[in-house]
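Visitor: Dropping the structure in here first, questions after.
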Amino acid sequence: MLLDTASLYFRAYFGVPDSVRAPDGTPVNAVRGLLDFIDRLVQDHRPAKLVACMDADWRPQWRVDLIPTYKAHRVAEEHEGAPDAEEVPDTLTPQVPVIEAVLDAVGIARVGVADYEADDVIGTFTARADGPVDIVTGDRDLYQLVDDERGIRVLYPLKGVGTLQLTDEAALREKYGVDGRGYADLALLRGDPSDGLPGVPGIGEKTAAKLLAEFGDLDGIMAAVDDPKAKLTPSQRKRLTEARPYVAVAPKVVRVADDVPLPDVDTALPHTPRDPAGLEALAARWGLGGSLQRLLTTLGE
């Protein structure tokens with residue numbers, strides 16, 4: 001089981017009231033909410049391995065170099081020679097180091113790699129997996145990894161993590177008309193305002209799905225643009241021709257990397273805390289109470 005950790009703690013932050021606080025009054029709603037999420041996931045799915053995948057760089061420069069608008073609207077502060085700061089609620093930012101410290105003390109593998117997003121870490125773990133993989137994320141970008149043959153599916157939280165949408169290839173075909181491999185091409189053509197991806201003007205989701213059904217993949221569509229006999233309307237041909245510079249670079253931006261240099265980590269689900277004394281101190285300092293105890297009980301089982 002691979003956790004898109006930031007996606008989940010953002011949901012925890014907005015789903016748990018900020019009246020949930022440490023003894024000194026500091027909000028810990030994201031911390032406790034994430035612990036409750038993980039507890040529920042482990043209870044319901046019993047993974048043998050669990051990795052909390054992190055954004056070491058939420059907006060990698062190599063993606064920005066290709067598409068400058070990539071996530072540009074979410075930049076709070078630009079940093080020369082270092083990752084830009086993402087716009088994050090004031091009371092969430094201080095909770096992230098606490099989340100990291102608690103995960104480490106519990107013994108849950110936590111992996112972030114410089115110059116890469118959590119999606120890329122997830123993509124690489126998935127590519128290397130020798131068995132089924134459940135990806136837990138509120139980010140539809142990861143639908144591109146769904147692969148029934150390999151047992152790779154996305155668990156998409158609809159309400160907390162008590163209600164998860166199990167996304168396999170049948171679900172993707174029903175909703176989007178594509179399989180996992182086709183989803184990245186669909187997203188590229190359609191665009192995604194939340195990530196600052198412009199897409200091809202005039203090519204919406206339904207048109208993109210029809211083009212992919214007709215021509216197979218992005219390369220097939222662009223080959224059809226050069227084929228006067230291909231079944232493209234004049235406006236589609238014109239729009240795709242004008243979008244060639246974008247289409248040439250967008251695949252590297254949209255598709256998650258599968259070749260990230262992952263560190264050597266123990267991904268086995270822990271049954272006892274790695275650092276009991278450190279965890280006890282964190283629990284007291286931040287008032288983690290029942291959320292942490294429930295998780296430890298579940299892990300012990």
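Every chain in the structure tokens takes a letter, A first, then B, and so on in the order presented; its residues are numbered from 1, and the ligands are numbered from 1 following the presented order.
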Please identify every residue of region 243-268 of chain A that has at least one atom no farther than 9 Å from an atom of region 106-123 of chain A, counting only C-alpha atoms, and for each give the shortest atom pair and the distance in Å to one decimal, arranged by chain then increasing number, as a tab-separated table.

Guide:
```
residue	atom	partner	partner_atom	distance
A:Arg255	CA	A:Asp120	CA	8.7
A:Val256	CA	A:Asp120	CA	5.0
A:Ala257	CA	A:Asp120	CA	4.7
A:Asp258	CA	A:Gly123	CA	4.9
A:Asp259	CA	A:Asp120	CA	8.1
A:Val260	CA	A:Val121	CA	6.4
A:Pro261	CA	A:Val113	CA	7.4
A:Leu262	CA	A:Val113	CA	6.9
A:Pro263	CA	A:Val111	CA	7.6
A:Val265	CA	A:Ala109	CA	6.7
A:Asp266	CA	A:Ala109	CA	6.4
A:Thr267	CA	A:Ala109	CA	5.5
A:Ala268	CA	A:Ala109	CA	7.9
```

Visitor: Region 104-280 of chain A: which residues are alpha helix (DSSP H) by DSSP, as a ChimeraX atom specification?

Guide: /A:104-106,118-128,169-176,180-190,205-215,218-225,234-242,244-254,276-280

Visitor: What residues in region 88-276 of chain A get the DSSP label strand (DSSP E or B)? Please answer as JSON, numbers by chain.

Guide: {"A": [109, 110, 111, 133, 134, 135, 136, 147, 152, 153, 154, 155, 156, 157, 158, 159, 163, 164, 165, 166, 167, 192, 197, 268]}

Visitor: Export C-alpha atoms of the chosen residues as an mmCIF file, in the first residue's frame?

Guide:
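Listed below is the output, selection_16.cif:
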```cif
data_model
loop_
_atom_site.group_PDB
_atom_site.id
_atom_site.type_symbol
_atom_site.label_atom_id
_atom_site.label_comp_id
_atom_site.auth_asym_id
_atom_site.auth_seq_id
_atom_site.Cartn_x
_atom_site.Cartn_y
_atom_site.Cartn_z
ATOM 1 C CA ALA A 109 8.500 3.713 5.863
ATOM 2 C CA ARG A 110 8.553 7.336 4.683
ATOM 3 C CA VAL A 111 10.119 8.079 1.295
ATOM 4 C CA VAL A 133 -0.467 -2.547 -5.182
ATOM 5 C CA ASP A 134 -3.089 -0.299 -3.596
ATOM 6 C CA ILE A 135 -2.406 3.419 -4.124
ATOM 7 C CA VAL A 136 -4.306 5.666 -1.694
ATOM 8 C CA ASP A 147 -3.415 -1.958 -14.277
ATOM 9 C CA ILE A 152 -2.665 -2.162 -9.359
ATOM 10 C CA ARG A 153 -5.642 -0.076 -8.277
ATOM 11 C CA VAL A 154 -6.304 3.341 -6.779
ATOM 12 C CA LEU A 155 -8.284 3.800 -3.568
ATOM 13 C CA TYR A 156 -9.740 7.298 -3.887
ATOM 14 C CA PRO A 157 -11.216 8.796 -0.695
ATOM 15 C CA LEU A 158 -14.718 10.160 -1.211
ATOM 16 C CA LYS A 159 -15.415 10.944 2.440
ATOM 17 C CA THR A 163 -15.665 5.604 1.937
ATOM 18 C CA LEU A 164 -13.108 4.763 -0.741
ATOM 19 C CA GLN A 165 -13.785 4.590 -4.447
ATOM 20 C CA LEU A 166 -12.002 1.493 -5.698
ATOM 21 C CA THR A 167 -10.689 2.459 -9.102
ATOM 22 C CA ASP A 192 -5.878 20.264 -15.731
ATOM 23 C CA LEU A 197 -1.701 22.260 -17.476
ATOM 24 C CA ALA A 268 7.166 -4.055 5.939
#
```

Visitor: Using CA of Gly202 (chain A) and CA of Asp227 (chain A) as the two end points, give the distance in Å to one decimal.

Guide: 20.3 Å

Visitor: As a PyMOL selection string, please: the residues near Arg11 (chain A) (cut-off 10 Å, only C-alpha atoms, same-chain neighbours under 4 positions excluded).

Guide: chain A and resi 5-7+15-16+30+33-34+37+137-138+157+159-161

Visitor: Could you save the residues just selected, with N, CA and C atoms, as an mmCIF file, in the first residue's frame?

Guide:
```
data_model
loop_
_atom_site.group_PDB
_atom_site.id
_atom_site.type_symbol
_atom_site.label_atom_id
_atom_site.label_comp_id
_atom_site.auth_asym_id
_atom_site.auth_seq_id
_atom_site.Cartn_x
_atom_site.Cartn_y
_atom_site.Cartn_z
ATOM 1 N N THR A 5 0.924 10.859 0.727
ATOM 2 C CA THR A 5 0.786 11.370 2.093
ATOM 3 C C THR A 5 0.245 12.794 2.154
ATOM 4 N N ALA A 6 0.781 13.689 1.329
ATOM 5 C CA ALA A 6 0.318 15.087 1.368
ATOM 6 C C ALA A 6 -1.160 15.175 0.997
ATOM 7 N N SER A 7 -1.566 14.402 -0.001
ATOM 8 C CA SER A 7 -2.978 14.383 -0.397
ATOM 9 C C SER A 7 -3.852 13.983 0.786
ATOM 10 N N GLY A 15 -10.831 17.978 6.952
ATOM 11 C CA GLY A 15 -11.928 17.133 7.405
ATOM 12 C C GLY A 15 -12.069 17.031 8.916
ATOM 13 N N VAL A 16 -10.998 17.388 9.647
ATOM 14 C CA VAL A 16 -11.010 17.314 11.114
ATOM 15 C C VAL A 16 -10.982 18.751 11.650
ATOM 16 N N ALA A 30 -4.495 17.779 11.410
ATOM 17 C CA ALA A 30 -3.946 17.013 10.284
ATOM 18 C C ALA A 30 -3.187 15.791 10.785
ATOM 19 N N GLY A 33 -5.797 13.346 12.254
ATOM 20 C CA GLY A 33 -6.636 12.859 11.150
ATOM 21 C C GLY A 33 -5.893 11.860 10.284
ATOM 22 N N LEU A 34 -4.610 12.129 9.989
ATOM 23 C CA LEU A 34 -3.825 11.203 9.175
ATOM 24 C C LEU A 34 -3.627 9.876 9.906
ATOM 25 N N PHE A 37 -6.696 7.978 9.520
ATOM 26 C CA PHE A 37 -6.776 7.456 8.153
ATOM 27 C C PHE A 37 -5.975 6.162 8.032
ATOM 28 N N THR A 137 -4.908 7.789 -2.679
ATOM 29 C CA THR A 137 -4.673 9.176 -3.068
ATOM 30 C C THR A 137 -5.978 9.879 -3.385
ATOM 31 N N GLY A 138 -5.990 11.182 -3.162
ATOM 32 C CA GLY A 138 -7.097 12.016 -3.604
ATOM 33 C C GLY A 138 -6.755 12.735 -4.894
ATOM 34 N N PRO A 157 -10.313 8.461 -1.803
ATOM 35 C CA PRO A 157 -11.216 8.796 -0.695
ATOM 36 C C PRO A 157 -12.350 9.725 -1.153
ATOM 37 N N LYS A 159 -15.072 10.278 1.179
ATOM 38 C CA LYS A 159 -15.415 10.944 2.440
ATOM 39 C C LYS A 159 -14.524 10.332 3.507
ATOM 40 N N GLY A 160 -13.548 11.099 3.968
ATOM 41 C CA GLY A 160 -12.554 10.525 4.869
ATOM 42 C C GLY A 160 -11.861 9.378 4.145
ATOM 43 N N VAL A 161 -11.575 8.315 4.863
ATOM 44 C CA VAL A 161 -11.137 7.084 4.186
ATOM 45 C C VAL A 161 -12.084 5.948 4.514
#
```

Visitor: Quick check, in Å to one decimal: how far apart do CA of Gln144 (chain A) and CA of Arg181 (chain A) lie?

Guide: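 Rounded to one decimal, the two atoms are 5.4 Å apart.
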
Visitor: With only C-alpha atoms as the atoms that count, which of A:Gly300, A:Pro276, A:Gly182, A:Gly290 lies nearest to Arg32 (chain A)?

Guide: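 So, comparing all the options, the nearest one is A:Gly290.
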
Visitor: Just the number, please: distance in Å from CA of Ala224 (chain A) to CA of Asp148 (chain A), one decimal.

Guide: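 CA of Ala224 (chain A) sits 29.0 Å away from CA of Asp148 (chain A).
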
Visitor: Which is closer to Phe10 (chain A) than all the others in A:Thr124, A:Thr91, A:Ser291, A:Thr297, using only C-alpha atoms?

Guide: A:Thr91

Visitor: I need the residue nearest Lys71 (chain A) from this list: A:Pro17, A:Gly196, A:Pro132, A:Pro89. Use only C-alpha atoms for the distance.

Guide: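 Among the listed residues, the smallest separation from Lys71 (chain A) belongs to A:Gly196.
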